[in-house]
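Q: This is data16.cif, which holds mmCIF, C-alpha atoms:
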data_coords
loop_
_atom_site.label_atom_id
_atom_site.label_comp_id
_atom_site.auth_asym_id
_atom_site.auth_seq_id
_atom_site.Cartn_x
_atom_site.Cartn_y
_atom_site.Cartn_z
CA MET A 1 191.61 49.75 137.66
CA PHE A 2 189.20 52.62 138.41
CA ARG A 3 186.99 53.18 135.36
CA PRO A 4 183.78 55.15 135.86
CA GLN A 5 181.90 53.18 133.18
CA ILE A 6 182.17 49.96 135.21
CA LYS A 7 179.00 48.64 136.84
CA VAL A 8 179.17 45.90 139.47
CA CYS A 9 176.14 43.66 139.86
CA ASP A 10 175.61 41.44 142.90
CA CYS A 11 173.85 38.13 142.12
CA THR A 12 173.99 36.52 145.57
CA ILE A 13 170.27 35.95 146.13
CA ARG A 14 169.59 34.92 142.54
CA ASP A 15 172.57 32.67 141.77
CA GLY A 16 172.96 31.52 145.37
CA GLY A 17 169.32 30.45 145.27
CA LEU A 18 170.31 27.72 142.82
CA MET A 19 171.93 25.94 145.77
CA ASN A 20 168.87 25.88 148.04
CA ASP A 21 165.94 26.24 145.63
CA SER A 22 165.74 29.95 146.50
CA HIS A 23 164.75 29.36 150.14
CA PHE A 24 166.24 32.46 151.77
CA PRO A 25 164.41 34.01 154.75
CA LYS A 26 163.13 37.53 154.17
CA GLU A 27 165.10 38.87 157.15
CA MET A 28 168.32 37.47 155.71
CA VAL A 29 167.65 39.01 152.28
CA ARG A 30 166.84 42.37 153.84
CA HIS A 31 170.12 42.38 155.76
CA VAL A 32 172.09 41.31 152.68
CA PHE A 33 170.38 44.02 150.63
CA SER A 34 171.17 46.64 153.28
CA CYS A 35 174.83 45.65 153.39
CA LEU A 36 175.15 45.64 149.61
CA ALA A 37 173.45 49.04 149.39
CA ARG A 38 175.96 50.48 151.87
CA SER A 39 178.86 48.97 149.90
CA GLY A 40 178.18 51.16 146.86
CA VAL A 41 177.43 48.30 144.46
CA ASP A 42 175.65 49.43 141.28
CA VAL A 43 173.07 46.64 140.85
CA ILE A 44 171.49 44.20 143.30
CA GLU A 45 169.73 41.26 141.68
CA LEU A 46 167.02 39.93 143.99
CA GLY A 47 166.19 36.58 142.44
CA TYR A 48 164.25 35.40 139.42
CA ARG A 49 160.99 36.65 137.95
CA ASN A 50 160.03 33.26 136.52
CA SER A 51 156.65 31.68 135.93
CA ARG A 52 154.84 29.84 138.72
CA THR A 53 153.46 27.50 136.06
CA MET A 54 156.98 26.23 135.30
CA PHE A 55 158.20 25.97 138.90
CA ASP A 56 156.33 24.40 141.79
CA PRO A 57 155.83 27.07 144.49
CA ALA A 58 155.61 24.26 147.04
CA LYS A 59 159.21 23.26 146.21
CA PHE A 60 160.86 26.56 145.39
CA GLY A 61 161.26 29.59 147.63
CA LEU A 62 159.93 33.09 147.06
CA TRP A 63 163.07 34.27 145.29
CA ARG A 64 162.42 32.02 142.28
CA PHE A 65 159.45 34.31 141.53
CA THR A 66 160.38 37.59 143.30
CA ASP A 67 157.26 39.67 142.82
CA ASP A 68 157.22 43.43 143.35
CA ASP A 69 155.48 43.29 146.73
CA LEU A 70 158.15 40.95 148.05
CA ILE A 71 160.90 43.28 146.86
CA ARG A 72 159.21 46.25 148.54
CA GLU A 73 158.96 44.28 151.77
CA VAL A 74 162.73 43.67 151.97
CA THR A 75 163.93 47.00 150.55
CA ASP A 76 161.57 49.67 151.91
CA GLY A 77 163.41 52.09 154.14
CA VAL A 78 166.86 51.04 152.85
CA GLU A 79 168.67 53.82 151.03
CA PHE A 80 170.12 52.52 147.78
CA ALA A 81 171.46 54.66 144.95
CA GLY A 82 171.76 51.82 142.43
CA LYS A 83 169.37 49.60 140.52
CA ILE A 84 167.31 46.66 141.74
CA ALA A 85 167.26 43.84 139.19
CA VAL A 86 165.49 40.56 138.58
CA MET A 87 166.37 37.84 136.12
CA GLN A 88 164.00 36.22 133.66
CA ASP A 89 164.94 32.93 132.00
CA ALA A 90 164.02 33.17 128.32
CA HIS A 91 162.48 29.68 128.40
CA LYS A 92 160.84 29.93 131.84
CA ALA A 93 159.29 33.41 132.00
CA PHE A 94 156.56 35.45 130.37
CA ALA A 95 156.58 39.10 129.33
CA GLU A 96 153.25 39.61 131.15
CA ASP A 97 155.00 38.92 134.47
CA LEU A 98 156.41 42.47 134.39
CA ALA A 99 154.30 45.43 135.47
CA PRO A 100 155.11 48.82 133.92
CA ALA A 101 158.39 50.08 135.36
CA ASP A 102 156.79 53.09 137.01
CA GLN A 103 154.75 50.68 139.14
CA SER A 104 157.69 48.51 140.18
CA PRO A 105 160.73 48.82 142.49
CA VAL A 106 162.70 46.99 139.78
CA SER A 107 164.57 49.08 137.21
CA LEU A 108 166.70 46.45 135.45
CA VAL A 109 165.60 43.14 133.89
CA ARG A 110 168.34 40.66 133.08
CA VAL A 111 167.23 38.08 130.51
CA ALA A 112 169.17 34.80 130.62
CA THR A 113 169.15 32.72 127.47
CA TYR A 114 170.73 29.87 125.60
CA VAL A 115 171.65 30.65 122.02
CA HIS A 116 168.80 28.51 120.69
CA ASP A 117 166.28 30.57 122.69
CA ILE A 118 167.47 33.96 121.43
CA ASP A 119 164.09 34.82 119.86
CA LYS A 120 162.38 34.37 123.24
CA ALA A 121 165.10 36.42 124.94
CA ILE A 122 164.75 39.27 122.49
CA HIS A 123 160.99 39.30 123.03
CA LEU A 124 161.39 39.48 126.82
CA ALA A 125 164.10 42.14 126.64
CA ASN A 126 162.16 44.30 124.18
CA THR A 127 159.02 44.02 126.27
CA ALA A 128 160.97 45.10 129.35
CA VAL A 129 162.40 48.13 127.53
CA GLU A 130 158.96 49.05 126.17
CA LYS A 131 157.62 48.96 129.74
CA GLY A 132 160.32 51.38 130.89
CA TYR A 133 162.98 49.05 132.28
CA GLU A 134 166.64 48.84 131.41
CA ALA A 135 167.50 45.35 130.10
CA THR A 136 170.44 43.06 129.47
CA ILE A 137 170.73 39.74 127.67
CA ASN A 138 172.96 37.15 129.33
CA VAL A 139 174.12 34.43 126.91
CA MET A 140 174.47 31.28 129.02
CA SER A 141 176.58 28.17 128.46
CA ILE A 142 178.82 30.08 126.11
CA SER A 143 181.37 27.25 126.09
CA HIS A 144 178.74 24.97 124.50
CA ALA A 145 177.52 27.42 121.87
CA ILE A 146 177.93 26.50 118.21
CA GLU A 147 179.93 29.36 116.76
CA ARG A 148 177.76 30.00 113.70
CA GLU A 149 174.61 30.06 115.84
CA LEU A 150 176.26 32.40 118.34
CA ASP A 151 177.28 34.77 115.53
CA GLU A 152 173.72 34.85 114.23
CA ALA A 153 172.31 35.42 117.73
CA LEU A 154 174.65 38.35 118.40
CA GLN A 155 173.79 39.92 115.07
CA GLN A 156 170.11 39.53 115.88
CA ILE A 157 170.55 41.18 119.29
CA GLU A 158 172.32 44.12 117.68
CA GLU A 159 169.66 44.58 115.00
CA GLU A 160 166.52 43.94 117.05
CA THR A 161 167.09 45.18 120.62
CA LYS A 162 168.04 48.22 122.68
CA VAL A 163 169.62 46.41 125.60
CA SER A 164 172.23 48.13 127.77
CA ALA A 165 174.61 45.17 127.85
CA VAL A 166 175.10 41.64 126.58
CA TYR A 167 176.83 39.19 128.91
CA ILE A 168 179.39 36.49 128.25
CA VAL A 169 178.29 33.80 130.74
CA ASP A 170 180.75 31.01 131.59
CA SER A 171 178.03 28.77 133.03
CA PHE A 172 180.24 25.70 133.38
CA GLY A 173 183.43 27.44 134.52
CA ASN A 174 185.34 26.07 131.55
CA LEU A 175 186.92 29.24 130.15
CA TYR A 176 190.52 30.42 130.42
CA SER A 177 191.78 33.97 129.88
CA GLU A 178 192.44 33.39 126.18
CA ASP A 179 188.84 32.20 125.81
CA VAL A 180 187.63 35.42 127.43
CA ASP A 181 189.67 37.33 124.83
CA PHE A 182 188.12 35.26 122.05
CA TYR A 183 184.54 35.92 123.18
CA VAL A 184 185.12 39.61 123.88
CA ASP A 185 186.45 40.02 120.33
CA LYS A 186 183.52 38.06 118.90
CA PHE A 187 180.87 39.97 120.85
CA ARG A 188 182.45 43.31 119.89
CA ARG A 189 182.47 42.32 116.25
CA TYR A 190 178.66 42.26 116.26
CA LEU A 191 177.56 44.45 119.18
CA LYS A 192 178.19 48.12 118.42
CA SER A 193 175.42 49.79 120.42
CA CYS A 194 175.73 48.27 123.91
CA GLU A 195 178.22 47.40 126.61
CA LEU A 196 179.59 43.93 127.29
CA GLY A 197 179.23 42.07 130.58
CA ILE A 198 180.86 39.00 132.09
CA HIS A 199 179.49 36.42 134.55
CA CYS A 200 181.91 33.69 135.61
CA HIS A 201 181.55 30.45 137.56
CA ASN A 202 184.38 29.05 139.61
CA PRO A 203 184.96 25.26 139.19
CA GLN A 204 188.58 25.85 138.15
CA GLN A 205 189.11 28.79 140.55
CA LEU A 206 189.25 31.17 137.58
CA ALA A 207 186.09 33.24 138.02
CA PHE A 208 187.96 36.21 139.54
CA ALA A 209 190.87 35.93 137.11
CA ASN A 210 188.57 35.70 134.10
CA THR A 211 186.56 38.68 135.33
CA ILE A 212 189.80 40.64 135.60
CA GLN A 213 190.64 39.58 132.05
CA GLY A 214 187.27 40.98 130.99
CA ILE A 215 188.07 44.25 132.76
CA ILE A 216 191.43 44.44 130.99
CA ARG A 217 189.53 44.05 127.70
CA ASN A 218 187.16 46.92 128.64
CA VAL A 219 184.17 44.81 129.66
CA ASN A 220 182.20 47.16 131.90
CA TRP A 221 179.35 45.11 133.44
CA LEU A 222 180.73 42.74 136.05
CA ASP A 223 178.93 40.11 138.15
CA GLY A 224 179.87 38.71 141.52
CA THR A 225 178.38 37.22 144.68
CA LEU A 226 179.13 37.44 148.38
CA TYR A 227 181.83 34.91 149.30
CA GLY A 228 181.30 33.45 145.81
CA LEU A 229 177.93 31.91 146.79
CA GLY A 230 176.40 30.44 143.64
CA ARG A 231 175.60 27.29 141.74
CA GLY A 232 178.12 24.49 142.17
CA ALA A 233 181.58 25.90 142.82
CA GLY A 234 180.08 29.38 142.94
CA ASN A 235 180.89 32.68 141.29
CA CYS A 236 183.42 35.49 141.30
CA PRO A 237 183.56 36.72 144.94
CA ILE A 238 182.27 40.28 144.89
CA GLU A 239 184.44 41.30 147.84
CA LEU A 240 187.54 40.43 145.79
CA LEU A 241 186.16 42.18 142.72
CA MET A 242 185.26 45.42 144.48
CA SER A 243 188.61 45.47 146.30
CA PHE A 244 190.41 45.10 142.98
CA LEU A 245 188.50 47.91 141.26
CA LYS A 246 189.82 50.69 143.52
CA ASN A 247 186.66 52.76 143.02
CA PRO A 248 186.50 55.23 145.94
CA LYS A 249 182.72 54.82 146.17
CA PHE A 250 183.06 51.15 147.13
CA ASN A 251 183.23 50.08 150.77
CA ILE A 252 183.90 46.40 151.43
CA ALA A 253 183.22 46.58 155.19
CA PRO A 254 179.43 46.05 154.74
CA LEU A 255 180.19 43.11 152.45
CA LEU A 256 182.26 41.51 155.20
CA GLU A 257 179.37 42.10 157.62
CA ALA A 258 176.96 40.26 155.34
CA ILE A 259 179.42 37.45 154.68
CA GLY A 260 180.11 36.86 158.36
CA LYS A 261 176.54 37.06 159.58
CA GLU A 262 174.52 35.66 156.67
CA ILE A 263 176.61 33.79 154.08
CA ILE A 264 179.18 31.69 155.92
CA PRO A 265 176.49 30.18 158.23
CA LEU A 266 174.82 28.77 155.10
CA GLN A 267 177.72 26.32 154.78
CA LYS A 268 176.14 24.23 157.52
CA ASP A 269 173.48 23.19 155.00
CA ILE A 270 174.88 23.75 151.51
CA PHE A 271 178.36 23.50 150.02
CA TRP A 272 179.83 25.67 147.31
CA GLY A 273 183.45 26.43 146.50
CA TYR A 274 186.37 24.34 145.37
CA SER A 275 185.98 20.57 145.33
CA ILE A 276 187.13 17.80 143.01
CA PRO A 277 183.61 17.02 141.67
CA TYR A 278 183.06 20.70 140.80
CA MET A 279 186.57 21.00 139.40
CA LEU A 280 185.96 18.03 137.12
CA SER A 281 182.70 19.50 135.84
CA GLY A 282 184.61 22.64 134.81
CA VAL A 283 187.52 20.81 133.22
CA LEU A 284 185.14 18.51 131.33
CA ASN A 285 182.88 21.42 130.30
CA ILE A 286 179.69 19.83 131.64
CA HIS A 287 176.76 21.05 133.70
CA PRO A 288 177.56 20.80 137.44
CA LYS A 289 174.26 19.09 138.32
CA GLU A 290 175.87 15.67 138.78
CA ALA A 291 178.65 17.15 140.90
CA MET A 292 176.02 19.00 142.95
CA ARG A 293 174.15 15.75 143.51
CA ILE A 294 177.32 14.05 144.70
CA MET A 295 178.23 16.91 147.03
CA ALA A 296 174.76 16.75 148.59
CA LEU A 297 174.95 13.05 149.42
CA PRO A 298 175.31 12.05 153.09
CA ASP A 299 178.46 10.09 152.25
CA SER A 300 180.12 12.91 150.30
CA ASP A 301 182.98 13.01 152.81
CA PRO A 302 186.11 13.53 150.65
CA GLU A 303 187.72 10.46 152.20
CA LYS A 304 184.85 8.28 150.93
CA VAL A 305 184.71 9.48 147.31
CA ASP A 306 186.46 7.50 144.57
CA TYR A 307 187.65 10.45 142.49
CA VAL A 308 189.14 8.30 139.72
CA SER A 309 185.83 6.53 139.13
CA LEU A 310 184.05 9.87 139.31
CA PHE A 311 186.39 11.31 136.68
CA HIS A 312 185.66 8.47 134.27
CA ARG A 313 181.91 8.59 134.99
CA LEU A 314 181.63 12.35 134.48
CA GLY A 315 183.67 12.02 131.30
CA ASP A 316 180.87 9.88 129.90
CA VAL A 317 178.13 12.43 130.67
#
Hey, can you dump this file as C-alpha cells for me?

A:
Amino acid sequence: MFRPQIKVCDCTIRDGGLMNDSHFPKEMVRHVFSCLARSGVDVIELGYRNSRTMFDPAKFGLWRFTDDDLIREVTDGVEFAGKIAVMQDAHKAFAEDLAPADQSPVSLVRVATYVHDIDKAIHLANTAVEKGYEATINVMSISHAIERELDEALQQIEEETKVSAVYIVDSFGNLYSEDVDFYVDKFRRYLKSCELGIHCHNPQQLAFANTIQGIIRNVNWLDGTLYGLGRGAGNCPIELLMSFLKNPKFNIAPLLEAIGKEIIPLQKDIFWGYSIPYMLSGVLNIHPKEAMRIMALPDSDPEKVDYVSLFHRLGDV
C-alpha cells in the first residue's frame, strides 16, 4: 500500500484530550512528540487552538488552547521533518488566535466543523491560509449530515477556499465500508482542487478497516492515534495504520515506546476502546457522551451494567 502522496496525521494529544479534558503533563507530551517524530509520521497535532472565552481554563488543560509558547516548550530540540498542527473548532475559535505563520511553530491548521457552521469554517481556514499556514477542513458528524446541506457545503469549500484537504469524519463510528465509498464519491464530485482525508472513530471496531477502505479509494490524508486513544471508543490505532502502509520511512518502534511508557498507563484513570456502551452509541448513530458518562461511573463494572436497559435508553436519545 505504499503511495508517496499519503500523509499520516497523529491526533493523540488532541483527540485523546477529549477523554481527560486535555490534562496531559508537558513531560508526557514532549516524550510522545519525540517518539512520533522518530516514527516518520507526517503531521503531529498538538491539541486545540480554541478560545479561552468558550472553555474554562480552570477546568480544561493547556492542550485545549495550545498556544505557540507551549508548543515551543515541548518541541524545542526535537528533530521533526513533518508538520506541527493544531485544530480549531469552527464554532469555538477565532481567527485572531493565530499569529502569522512565520512567527509560529505551527504550519498546519485543521478546522473542524459541522455542516451548519461551514461559513465559520471557511472564514477560519481562509484566514489561516492568508497568514501563511496550510489548512484543512474536517467535516464532523458526517453520518448526521443532511445530504443537500452537505452537497452545498462541499461546493462552497471548493469555490471559496484553498485548503489542502477536506476530511470525512465519522464522529460517531457509525459508518461501514460502503458508506466510506459513498462519501468518497460525494466529496470527489464537488472537490476538484484538494485531497481527501478520513478520520474514523471506533465504537464498532471499524476505524482501521474504514481507514483502509479510504486508502483503497485513494484518500491520502489519514488520521490515527497511539493505541487508538481518543474520544469514547477511540480512533484508528496509528501503529496499525503505519504498519499497514509499508512506507519505508515509517518506524513503529518509537510508537511502541510511547504506547508502553505513556499511553497504556492512562488506562488507570480513563477508559477507551471496545465496550458495549460505546458499541451501542456507534450502532445507534448517537454522540458517545452518554456512554462516556456511564463508563466513568464508579459502578461501571461490566457485571453491574444492565445492557438491555441501556440499549433501550440510548435508543431513545

Q: Mind checking which residues fall within 7 Å of region 188-203 of chain A, counting only C-alpha atoms, ignoring those fewer than 5 positions away in the same chain, and posting them as a PyMOL selection string?

A: chain A and resi 154-155+158+163-173+211+214+219-223+233-236+274+278-279+282

Q: Could you tell me which of A:Asp10, A:Glu147, A:Asp56, A:Glu73 comes closest to Leu229 (chain A) if we count all atoms listed in the file?

A: A:Asp10

Q: Just say which residues the PyMOL selection byres ((chain A and resi 241) around 9) picks in this file, as a ChimeraX atom specification.

A: /A:8,208,211-212,222-224,236-240,242-245

Q: Using the chain letters and numbers from the file, which residues does the PyMOL selection byres ((chain A and resi 176) around 10) grab, as number ranges by chain?

A: A: 170, 173-175, 177-182, 204, 206-207, 209-210, 213

Q: A:Cys11, A:Ala258, A:Ile71, A:Ile215: which is nearest Ser34 (chain A), counting only C-alpha atoms?

A: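 Smallest separation from Ser34 (chain A) among the options: A:Ala258.
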
Q: Between A:Val115, A:Ile44, A:Ile270, A:Ile142, which one has atoms that come closest to Asp21 (chain A), using only C-alpha atoms?

A: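 Of A:Val115, A:Ile44, A:Ile270, A:Ile142, the one nearest Asp21 (chain A), counting only C-alpha atoms, is A:Ile270.
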
Q: At a cut-off of 9 Å, using all atoms listed in the file, what residues contact region 116-132 of chain A? Leave out same-chain residues fewer than 6 positions from it and give the result as a PDB file with C-alpha atoms, in the frame of the given file.

A:
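Okay, this is what ended up in around-v5.pdb:
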ATOM      1  CA  GLN A  88     164.000  36.220 133.660  1.00  0.00           C
ATOM      2  CA  ASP A  89     164.940  32.930 132.000  1.00  0.00           C
ATOM      3  CA  ALA A  90     164.020  33.170 128.320  1.00  0.00           C
ATOM      4  CA  HIS A  91     162.480  29.680 128.400  1.00  0.00           C
ATOM      5  CA  ALA A  93     159.290  33.410 132.000  1.00  0.00           C
ATOM      6  CA  PHE A  94     156.560  35.450 130.370  1.00  0.00           C
ATOM      7  CA  ALA A  95     156.580  39.100 129.330  1.00  0.00           C
ATOM      8  CA  GLU A  96     153.250  39.610 131.150  1.00  0.00           C
ATOM      9  CA  LEU A  98     156.410  42.470 134.390  1.00  0.00           C
ATOM     10  CA  ALA A  99     154.300  45.430 135.470  1.00  0.00           C
ATOM     11  CA  PRO A 100     155.110  48.820 133.920  1.00  0.00           C
ATOM     12  CA  ALA A 101     158.390  50.080 135.360  1.00  0.00           C
ATOM     13  CA  ASP A 102     156.790  53.090 137.010  1.00  0.00           C
ATOM     14  CA  SER A 107     164.570  49.080 137.210  1.00  0.00           C
ATOM     15  CA  LEU A 108     166.700  46.450 135.450  1.00  0.00           C
ATOM     16  CA  VAL A 109     165.600  43.140 133.890  1.00  0.00           C
ATOM     17  CA  ARG A 110     168.340  40.660 133.080  1.00  0.00           C
ATOM     18  CA  VAL A 139     174.120  34.430 126.910  1.00  0.00           C
ATOM     19  CA  ALA A 145     177.520  27.420 121.870  1.00  0.00           C
ATOM     20  CA  GLU A 149     174.610  30.060 115.840  1.00  0.00           C
ATOM     21  CA  LEU A 150     176.260  32.400 118.340  1.00  0.00           C
ATOM     22  CA  ALA A 153     172.310  35.420 117.730  1.00  0.00           C
ATOM     23  CA  LEU A 154     174.650  38.350 118.400  1.00  0.00           C
ATOM     24  CA  GLN A 156     170.110  39.530 115.880  1.00  0.00           C
ATOM     25  CA  ILE A 157     170.550  41.180 119.290  1.00  0.00           C
ATOM     26  CA  GLU A 160     166.520  43.940 117.050  1.00  0.00           C
ATOM     27  CA  THR A 161     167.090  45.180 120.620  1.00  0.00           C
ATOM     28  CA  LYS A 162     168.040  48.220 122.680  1.00  0.00           C
ATOM     29  CA  VAL A 163     169.620  46.410 125.600  1.00  0.00           C
TER      30      VAL A 163
END

Q: Hey, which of A:Lys26, A:Lys186, A:Arg52, A:Asn247 ends up closest to Ile6 (chain A)? Count all atoms listed in the file.

A: A:Asn247

Q: Applying 9 Å and all atoms listed in the file, which residues near Ile276 (chain A) remain after dropping the ones on its own chain fewer than 4 positions away? List them as a PyMOL selection string.

A: chain A and resi 203+280-281+291+302+307

Q: What are the centre and edge lengths in Å, to one decimal, of the axis-aligned box around all listed atoms of region 280-283 of chain A with 4 Å added on each side, as AutoDock Vina command-line options?

A:
--center_x 185.1 --center_y 20.3 --center_z 135.2 --size_x 12.8 --size_y 12.6 --size_z 11.9

Q: Report as number ranges by chain the full result of the PyMOL selection byres ((chain A and resi 81-87) around 8) when it is applied to this structure.

A: A: 14, 37, 40-50, 66, 79-80, 88-89, 105-112

Q: Could you tell me how far CA of Asn138 (chain A) lies from CA of Ala253 (chain A), in Å and to one decimal?

A: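 Going from CA of Asn138 (chain A) over to CA of Ala253 (chain A) covers 29.4 Å.
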
Q: Grab the CA of Ser143 (chain A) to CA of Gln205 (chain A) distance for me, in Å with one decimal place.

A: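 Going from CA of Ser143 (chain A) over to CA of Gln205 (chain A), I get 16.5 Å.
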
Q: Record the distance separating CA of Phe65 (chain A) and CA of Pro25 (chain A), expressed in Å with one decimal.

A: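 These two atoms are separated by 14.1 Å.
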
Q: Taking 3 positions as the minimum chain separation for residues in the same chain, which residues sit within 7 Å of Ile252 (chain A) when counting only C-alpha atoms? Answer as a list in words.

A: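 Everything that qualifies: Ser39, Glu239, Leu255 and Leu256 of chain A.
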
Q: For region 98-124 of chain A, supply N, CA and C atoms and report the output as a short mmCIF file (atom, residue, chain, number, x, y, z; two decimals), in the coordinates of the input.

A:
data_model
loop_
_atom_site.label_atom_id
_atom_site.label_comp_id
_atom_site.auth_asym_id
_atom_site.auth_seq_id
_atom_site.Cartn_x
_atom_site.Cartn_y
_atom_site.Cartn_z
N LEU A 98 155.86 41.15 134.03
CA LEU A 98 156.41 42.47 134.39
C LEU A 98 155.31 43.52 134.35
N ALA A 99 155.16 44.24 135.46
CA ALA A 99 154.30 45.43 135.47
C ALA A 99 155.05 46.57 134.79
N PRO A 100 154.38 47.65 134.41
CA PRO A 100 155.11 48.82 133.92
C PRO A 100 156.14 49.28 134.94
N ALA A 101 157.28 49.75 134.46
CA ALA A 101 158.39 50.08 135.36
C ALA A 101 158.03 51.13 136.39
N ASP A 102 157.14 52.05 136.04
CA ASP A 102 156.79 53.09 137.01
C ASP A 102 155.91 52.57 138.14
N GLN A 103 155.52 51.30 138.06
CA GLN A 103 154.75 50.68 139.14
C GLN A 103 155.56 49.64 139.90
N SER A 104 156.86 49.57 139.63
CA SER A 104 157.69 48.51 140.18
C SER A 104 158.94 49.08 140.85
N PRO A 105 159.45 48.42 141.91
CA PRO A 105 160.73 48.82 142.49
C PRO A 105 161.92 48.36 141.65
N VAL A 106 161.65 47.50 140.67
CA VAL A 106 162.70 46.99 139.78
C VAL A 106 162.97 48.01 138.68
N SER A 107 164.24 48.20 138.34
CA SER A 107 164.57 49.08 137.21
C SER A 107 165.39 48.39 136.14
N LEU A 108 165.89 47.18 136.42
CA LEU A 108 166.70 46.45 135.45
C LEU A 108 166.22 45.00 135.36
N VAL A 109 165.99 44.53 134.14
CA VAL A 109 165.60 43.14 133.89
C VAL A 109 166.72 42.47 133.12
N ARG A 110 167.26 41.42 133.70
CA ARG A 110 168.34 40.66 133.08
C ARG A 110 167.75 39.38 132.49
N VAL A 111 167.83 39.22 131.19
CA VAL A 111 167.23 38.08 130.51
C VAL A 111 168.33 37.07 130.22
N ALA A 112 168.19 35.88 130.82
CA ALA A 112 169.17 34.80 130.62
C ALA A 112 168.68 33.88 129.52
N THR A 113 169.57 33.52 128.62
CA THR A 113 169.15 32.72 127.47
C THR A 113 170.26 31.81 126.98
N TYR A 114 169.84 30.67 126.43
CA TYR A 114 170.73 29.87 125.60
C TYR A 114 170.63 30.41 124.17
N VAL A 115 171.64 30.13 123.38
CA VAL A 115 171.65 30.65 122.02
C VAL A 115 170.40 30.23 121.26
N HIS A 116 169.94 28.99 121.47
CA HIS A 116 168.80 28.51 120.69
C HIS A 116 167.48 29.15 121.12
N ASP A 117 167.49 29.88 122.24
CA ASP A 117 166.28 30.57 122.69
C ASP A 117 166.35 32.08 122.45
N ILE A 118 167.22 32.52 121.57
CA ILE A 118 167.47 33.96 121.43
C ILE A 118 166.21 34.72 121.02
N ASP A 119 165.32 34.13 120.24
CA ASP A 119 164.09 34.82 119.86
C ASP A 119 163.24 35.13 121.09
N LYS A 120 163.13 34.16 122.01
CA LYS A 120 162.38 34.37 123.24
C LYS A 120 163.05 35.45 124.09
N ALA A 121 164.37 35.43 124.15
CA ALA A 121 165.10 36.42 124.94
C ALA A 121 164.89 37.83 124.40
N ILE A 122 164.94 37.96 123.11
CA ILE A 122 164.75 39.27 122.49
C ILE A 122 163.34 39.79 122.78
N HIS A 123 162.36 38.90 122.72
CA HIS A 123 160.99 39.30 123.03
C HIS A 123 160.87 39.80 124.46
N LEU A 124 161.45 39.06 125.42
CA LEU A 124 161.39 39.48 126.82
C LEU A 124 162.13 40.80 127.04
#
